[in-house]
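Below is the file input.cif, which contains mmCIF, C-alpha atoms.
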```cif
data_protein
loop_
_atom_site.label_atom_id
_atom_site.label_comp_id
_atom_site.auth_asym_id
_atom_site.auth_seq_id
_atom_site.Cartn_x
_atom_site.Cartn_y
_atom_site.Cartn_z
CA MET A 1 106.34 1.15 1.95
CA PRO A 2 106.80 -2.62 2.04
CA GLU A 3 103.63 -4.39 1.07
CA GLY A 4 103.27 -8.06 1.67
CA LYS A 5 103.93 -11.53 0.39
CA ILE A 6 101.75 -14.57 -0.06
CA VAL A 7 103.43 -17.90 0.69
CA SER A 8 101.87 -21.03 -0.82
CA GLY A 9 102.71 -24.43 -2.29
CA LYS A 10 103.39 -27.74 -0.56
CA ASN A 11 106.78 -26.65 0.71
CA GLY A 12 106.04 -22.97 0.77
CA GLN A 13 108.08 -22.67 -2.41
CA PHE A 14 105.87 -19.99 -3.98
CA VAL A 15 106.42 -16.51 -2.61
CA ALA A 16 104.30 -14.02 -4.52
CA ASP A 17 103.67 -10.31 -4.07
CA GLY A 18 100.38 -9.52 -2.49
CA PRO A 19 97.83 -8.64 -1.48
CA PHE A 20 97.27 -5.95 -4.08
CA VAL A 21 97.49 -2.54 -2.47
CA GLU A 22 94.20 -1.19 -3.57
CA SER A 23 91.57 -3.81 -3.11
CA LYS A 24 88.27 -3.96 -1.30
CA GLU A 25 89.29 -7.23 0.34
CA ALA A 26 92.82 -6.36 1.49
CA ILE A 27 93.26 -6.10 5.24
CA GLY A 28 94.41 -2.70 6.44
CA GLY A 29 94.55 -3.28 10.16
CA TYR A 30 92.96 -4.97 13.14
CA LEU A 31 91.81 -4.44 16.71
CA VAL A 32 91.64 -7.12 19.39
CA LEU A 33 88.64 -6.35 21.62
CA ASP A 34 87.99 -7.59 25.13
CA VAL A 35 84.19 -7.43 25.36
CA GLY A 36 81.58 -9.82 26.68
CA THR A 37 79.51 -10.55 23.57
CA ILE A 38 79.67 -10.48 19.79
CA GLU A 39 76.90 -7.85 19.85
CA GLU A 40 79.20 -5.48 21.73
CA ALA A 41 81.97 -6.18 19.25
CA ILE A 42 79.59 -5.48 16.35
CA ALA A 43 78.42 -2.23 17.96
CA ILE A 44 82.05 -1.11 18.23
CA ALA A 45 82.66 -2.08 14.59
CA GLN A 46 79.63 0.00 13.64
CA SER A 47 81.24 3.08 15.20
CA SER A 48 84.25 2.89 12.84
CA PRO A 49 84.89 6.14 10.92
CA GLY A 50 86.00 4.17 7.83
CA LEU A 51 82.56 2.72 7.10
CA ALA A 52 81.20 5.89 5.52
CA TYR A 53 83.97 5.71 2.90
CA GLY A 54 83.53 2.12 1.78
CA GLY A 55 85.63 0.28 4.34
CA SER A 56 84.15 -2.85 5.84
CA ILE A 57 84.94 -4.65 9.06
CA GLU A 58 85.05 -8.35 9.68
CA VAL A 59 84.17 -9.27 13.26
CA ARG A 60 85.53 -12.65 14.34
CA PRO A 61 85.51 -14.38 17.73
CA LEU A 62 88.96 -15.56 18.83
CA ALA A 63 88.90 -19.30 19.43
CA GLU A 64 89.99 -20.63 22.80
CA GLU A 65 91.40 -23.64 21.10
CA CYS A 66 91.97 -24.31 17.47
CA PRO A 67 88.60 -25.12 15.84
CA LEU A 68 90.50 -27.84 13.96
CA ASP A 69 91.29 -29.56 17.22
CA ALA A 70 87.72 -29.38 18.43
CA ARG A 71 86.44 -30.72 15.11
CA ALA A 72 89.00 -33.54 15.07
CA ARG A 73 87.88 -34.60 18.55
CA GLU A 74 84.23 -34.46 17.51
CA LEU A 75 84.93 -36.69 14.51
CA ALA A 76 86.89 -39.13 16.65
CA ARG A 77 83.94 -39.32 19.06
CA GLU A 78 81.52 -39.91 16.20
CA GLU A 79 83.73 -42.68 14.87
CA GLN A 80 83.90 -44.24 18.32
CA LEU A 81 80.11 -44.12 18.66
CA ALA A 82 79.72 -45.64 15.21
CA THR A 83 81.86 -48.64 16.18
CA VAL A 84 79.97 -49.30 19.44
CA MET B 1 112.21 -2.75 -0.60
CA ASN B 2 112.95 -1.86 3.00
CA THR B 3 113.20 -5.20 4.72
CA GLN B 4 113.79 -3.94 8.27
CA ASN B 5 110.78 -3.34 10.45
CA GLN B 6 110.70 -2.60 14.17
CA ASN B 7 107.00 -3.29 14.50
CA GLY B 8 106.93 -6.93 13.60
CA TYR B 9 105.15 -8.94 10.97
CA MET B 10 101.77 -10.55 10.83
CA LEU B 11 101.11 -13.96 9.33
CA LEU B 12 97.51 -14.39 8.22
CA PHE B 13 96.49 -17.97 7.51
CA ARG B 14 94.10 -18.09 4.59
CA GLY B 15 91.80 -20.88 3.55
CA ASN B 16 89.62 -23.18 5.62
CA ASP B 17 88.15 -25.39 2.92
CA TRP B 18 91.08 -27.81 2.91
CA LEU B 19 90.06 -29.74 6.01
CA LYS B 20 87.08 -31.50 4.60
CA ASN B 21 89.23 -33.90 2.56
CA LEU B 22 91.33 -35.02 5.51
CA SER B 23 90.74 -38.01 7.77
CA SER B 24 90.40 -37.22 11.47
CA GLU B 25 93.87 -38.71 12.03
CA GLU B 26 95.35 -36.37 9.45
CA LYS B 27 93.52 -33.43 10.98
CA GLN B 28 94.87 -34.31 14.39
CA LYS B 29 98.38 -34.59 12.95
CA VAL B 30 98.24 -31.16 11.29
CA THR B 31 96.83 -29.45 14.38
CA ASP B 32 99.48 -31.05 16.61
CA GLN B 33 102.19 -29.86 14.23
CA TRP B 34 100.65 -26.40 14.13
CA MET B 35 100.51 -26.11 17.96
CA ALA B 36 104.08 -27.41 18.31
CA TRP B 37 105.24 -24.91 15.69
CA PHE B 38 103.59 -22.00 17.56
CA ARG B 39 105.01 -23.19 20.90
CA ARG B 40 108.52 -23.36 19.45
CA LEU B 41 108.26 -19.88 17.91
CA THR B 42 106.99 -18.53 21.24
CA GLU B 43 109.85 -20.17 23.15
CA GLU B 44 112.35 -18.73 20.66
CA GLY B 45 110.83 -15.29 21.24
CA LYS B 46 109.79 -15.02 17.59
CA ALA B 47 106.03 -15.22 18.07
CA ILE B 48 104.52 -12.67 20.44
CA ALA B 49 100.85 -13.39 19.84
CA GLY B 50 98.64 -15.68 17.85
CA ASN B 51 95.09 -16.97 17.82
CA PRO B 52 92.89 -19.23 15.85
CA LEU B 53 89.57 -17.62 14.91
CA GLU B 54 86.16 -19.21 15.23
CA ARG B 55 84.92 -20.30 11.85
CA GLU B 56 82.23 -17.70 11.43
CA GLY B 57 81.64 -14.06 12.17
CA LYS B 58 79.95 -10.93 10.91
CA ILE B 59 80.75 -8.28 8.33
CA VAL B 60 79.88 -4.65 9.11
CA SER B 61 79.81 -2.39 6.08
CA GLY B 62 78.41 0.69 4.39
CA LYS B 63 77.26 4.11 5.41
CA ASN B 64 74.27 2.49 7.10
CA ARG B 65 76.50 0.14 9.10
CA VAL B 66 74.76 -2.99 7.89
CA VAL B 67 75.61 -6.26 9.64
CA SER B 68 75.70 -9.43 7.55
CA ASP B 69 76.93 -13.00 8.03
CA GLY B 70 80.38 -13.84 6.89
CA PRO B 71 82.96 -14.76 5.97
CA PHE B 72 81.59 -17.96 4.50
CA ALA B 73 82.73 -20.93 6.48
CA GLU B 74 84.49 -22.75 3.68
CA SER B 75 86.54 -20.52 1.47
CA LYS B 76 90.04 -20.35 0.06
CA GLU B 77 90.38 -16.74 1.20
CA ALA B 78 88.82 -16.80 4.65
CA ILE B 79 91.25 -16.13 7.47
CA GLY B 80 91.51 -18.95 9.99
CA GLY B 81 94.01 -17.40 12.36
CA TYR B 82 97.10 -15.25 12.73
CA PHE B 83 100.54 -15.02 14.31
CA LEU B 84 102.24 -11.79 15.29
CA LEU B 85 106.00 -12.18 14.84
CA ASP B 86 108.87 -10.23 16.35
CA VAL B 87 111.68 -10.92 13.87
CA ALA B 88 114.26 -8.58 12.35
CA SER B 89 113.49 -8.81 8.66
CA PHE B 90 110.82 -9.54 6.12
CA ASP B 91 112.93 -12.49 4.92
CA ASP B 92 112.85 -14.03 8.42
CA ALA B 93 109.06 -13.67 8.49
CA VAL B 94 108.71 -15.28 5.04
CA ALA B 95 111.01 -18.14 6.10
CA ILE B 96 108.76 -18.80 9.11
CA ALA B 97 105.65 -18.65 6.89
CA GLN B 98 107.27 -21.32 4.71
CA GLU B 99 107.29 -23.69 7.70
CA CYS B 100 103.49 -23.58 8.06
CA PRO B 101 102.15 -27.14 8.45
CA GLY B 102 99.01 -26.20 6.49
CA LEU B 103 100.87 -25.41 3.24
CA PRO B 104 100.84 -28.99 1.87
CA TYR B 105 97.04 -28.92 2.22
CA GLY B 106 96.49 -25.68 0.33
CA VAL B 107 96.69 -23.08 3.10
CA LYS B 108 98.17 -19.76 1.98
CA VAL B 109 100.07 -17.54 4.37
CA GLU B 110 99.91 -13.79 3.91
CA VAL B 111 102.96 -12.02 5.37
CA ARG B 112 102.43 -8.34 6.21
CA PRO B 113 104.72 -5.82 7.92
CA VAL B 114 102.97 -4.13 10.85
CA ALA B 115 103.01 -0.35 10.35
CA ALA B 116 104.19 2.00 13.12
CA GLU B 117 101.44 4.42 12.25
CA CYS B 118 98.48 4.29 9.93
CA PRO B 119 99.79 4.46 6.31
CA VAL B 120 96.94 6.86 5.55
CA ALA B 121 98.25 9.24 8.24
CA SER B 122 101.81 9.04 6.84
CA GLU B 123 100.50 9.76 3.34
CA LEU B 124 98.66 12.82 4.63
CA LYS B 125 101.84 14.07 6.31
CA ARG B 126 103.83 13.63 3.09
CA GLU B 127 101.16 15.45 1.10
CA ALA B 128 101.14 18.29 3.63
CA GLN B 129 104.95 18.56 3.38
CA PHE B 130 104.76 18.82 -0.42
CA ALA B 131 102.04 21.43 -0.16
CA HIS B 132 104.24 23.56 2.11
CA ALA B 133 107.44 23.03 0.12
#
```
Rewrite the structure from the file as structure tokens, please.
Amino acid sequence: MPEGKIVSGKNGQFVADGPFVESKEAIGGYLVLDVGTIEEAIAIAQSSPGLAYGGSIEVRPLAEECPLDARARELAREEQLATV
Amino acid sequence: MNTQNQNGYMLLFRGNDWLKNLSSEEKQKVTDQWMAWFRRLTEEGKAIAGNPLEREGKIVSGKNRVVSDGPFAESKEAIGGYFLLDVASFDDAVAIAQECPGLPYGVKVEVRPVAAECPVASELKREAQFAHA
């Protein structure tokens, strides 16, 4: 069973084995949900059969645009305001 | 290691604490590069899905299904987004990961083969086969 690799370093020159197979933090799978609110997504996460055995589920909203982009625009606006 | 995989590969982008040291110009530059990179991979048919994630979310855990805040907004390990790749080999997926515009700023890219079926289910099947053999 192929595991995974972690790529890092300025030019991606480090390719290490990972994540370690048996770890509480390693990601074992994912589901993309189409629901109206984060509460619904959380309720679905709470129905997972893995929870009783120590699994945990991270619930994350997909971003419409990259949060980096939004933040960069915000900062640019702040800078603009500061110079007015 | 079997390097062929029909189900694709997932790139998980880890780390979101690297931004705070960048000027807004630099941030804009990296995000533009990142978007252009994703567009190119999509046009080449190598990326079939991808999304940035909002910074914060919730963690559900335990027998009692407790909901807590997390992951913490600024962390080296937090996942900021993912790409789903349709490429022929693990090496191709690693080569694409090595092009990530976030690498010079400390982002790490986790490359994982997508499994056709749950590895737990395959393990159970193997165990059952041994038991019957």
Each chain B residue no farther than 8 Å from chain A, nearest pair in Å, all atoms listed in the file, as CSV:
```
residue,atom,partner,partner_atom,distance
B:Met1,CA,A:Pro2,CA,6.0
B:Asn2,CA,A:Pro2,CA,6.3
B:Thr3,CA,A:Pro2,CA,7.4
B:Ser24,CA,A:Ala72,CA,5.3
B:Glu25,CA,A:Ala72,CA,7.7
B:Lys27,CA,A:Ala72,CA,6.1
B:Gln28,CA,A:Ala72,CA,6.0
B:Thr31,CA,A:Asp69,CA,6.2
B:Asn51,CA,A:Leu62,CA,6.4
B:Pro52,CA,A:Ala63,CA,5.4
B:Leu53,CA,A:Leu62,CA,4.5
B:Glu54,CA,A:Ala63,CA,5.0
B:Arg55,CA,A:Pro67,CA,7.3
B:Glu56,CA,A:Arg60,CA,6.7
B:Gly57,CA,A:Arg60,CA,4.7
B:Lys58,CA,A:Val59,CA,5.1
B:Ile59,CA,A:Glu58,CA,4.5
B:Val60,CA,A:Ile57,CA,5.1
B:Ser61,CA,A:Ser56,CA,4.4
B:Gly62,CA,A:Leu51,CA,5.4
B:Lys63,CA,A:Ala52,CA,4.3
B:Asn64,CA,A:Ala52,CA,7.9
B:Arg65,CA,A:Gln46,CA,5.5
B:Val67,CA,A:Ile42,CA,7.8
B:Gly70,CA,A:Glu58,CA,7.7
B:Pro71,CA,A:Glu58,CA,7.7
B:Val94,CA,A:Val7,CA,7.3
B:Ala97,CA,A:Val7,CA,6.6
B:Gln98,CA,A:Gly12,CA,4.4
B:Glu99,CA,A:Gly12,CA,7.1
B:Cys100,CA,A:Gly12,CA,7.7
B:Leu103,CA,A:Lys10,CA,5.1
B:Pro104,CA,A:Lys10,CA,3.7
B:Tyr105,CA,A:Lys10,CA,7.0
B:Gly106,CA,A:Gly9,CA,6.9
B:Val107,CA,A:Ser8,CA,6.8
B:Lys108,CA,A:Ser8,CA,4.8
B:Val109,CA,A:Val7,CA,5.0
B:Glu110,CA,A:Ile6,CA,4.4
B:Val111,CA,A:Lys5,CA,5.1
B:Arg112,CA,A:Gly4,CA,4.6
B:Pro113,CA,A:Gly4,CA,6.8
```
Legend entry - Point-to-point distance from atom CA of A:Arg77 to atom CA of B:Glu26, Å rounded to tenths: 15.2 Å
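Take atom CA of B:Met10 and atom CA of B:Leu84: the distance between them is 4.7 Å.
Proximity to stretch 36-40 of chain B at 9 Å, evaluated using only C-alpha atoms and with sequence-adjacent residues fewer than 3 positions away removed, yields Thr31, Asp32, Gln33, Glu43, Glu44, Gly45, Lys46, Ala47, Gly50, Phe83, Glu99, Cys100 and Pro101 of chain B.
In this model, the gap between atom CA of B:Tyr82 and atom CA of B:Tyr9 comes to 10.4 Å.
Nearest to B:Asp17 of all the residues B:Ile79, B:Val114, B:Val30, B:Ala88 is B:Ile79, counting only C-alpha atoms.
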How big is the axis-aligned box, and where does its centre sit, when it encloses all atoms of stretch 29-47 of chain B listed in the file and has 6 Å added on every side, reported in Å to one decimal as AutoDock Vina command-line options?
```
--center_x 104.6 --center_y -24.8 --center_z 17.2 --size_x 27.5 --size_y 31.6 --size_z 23.9
```
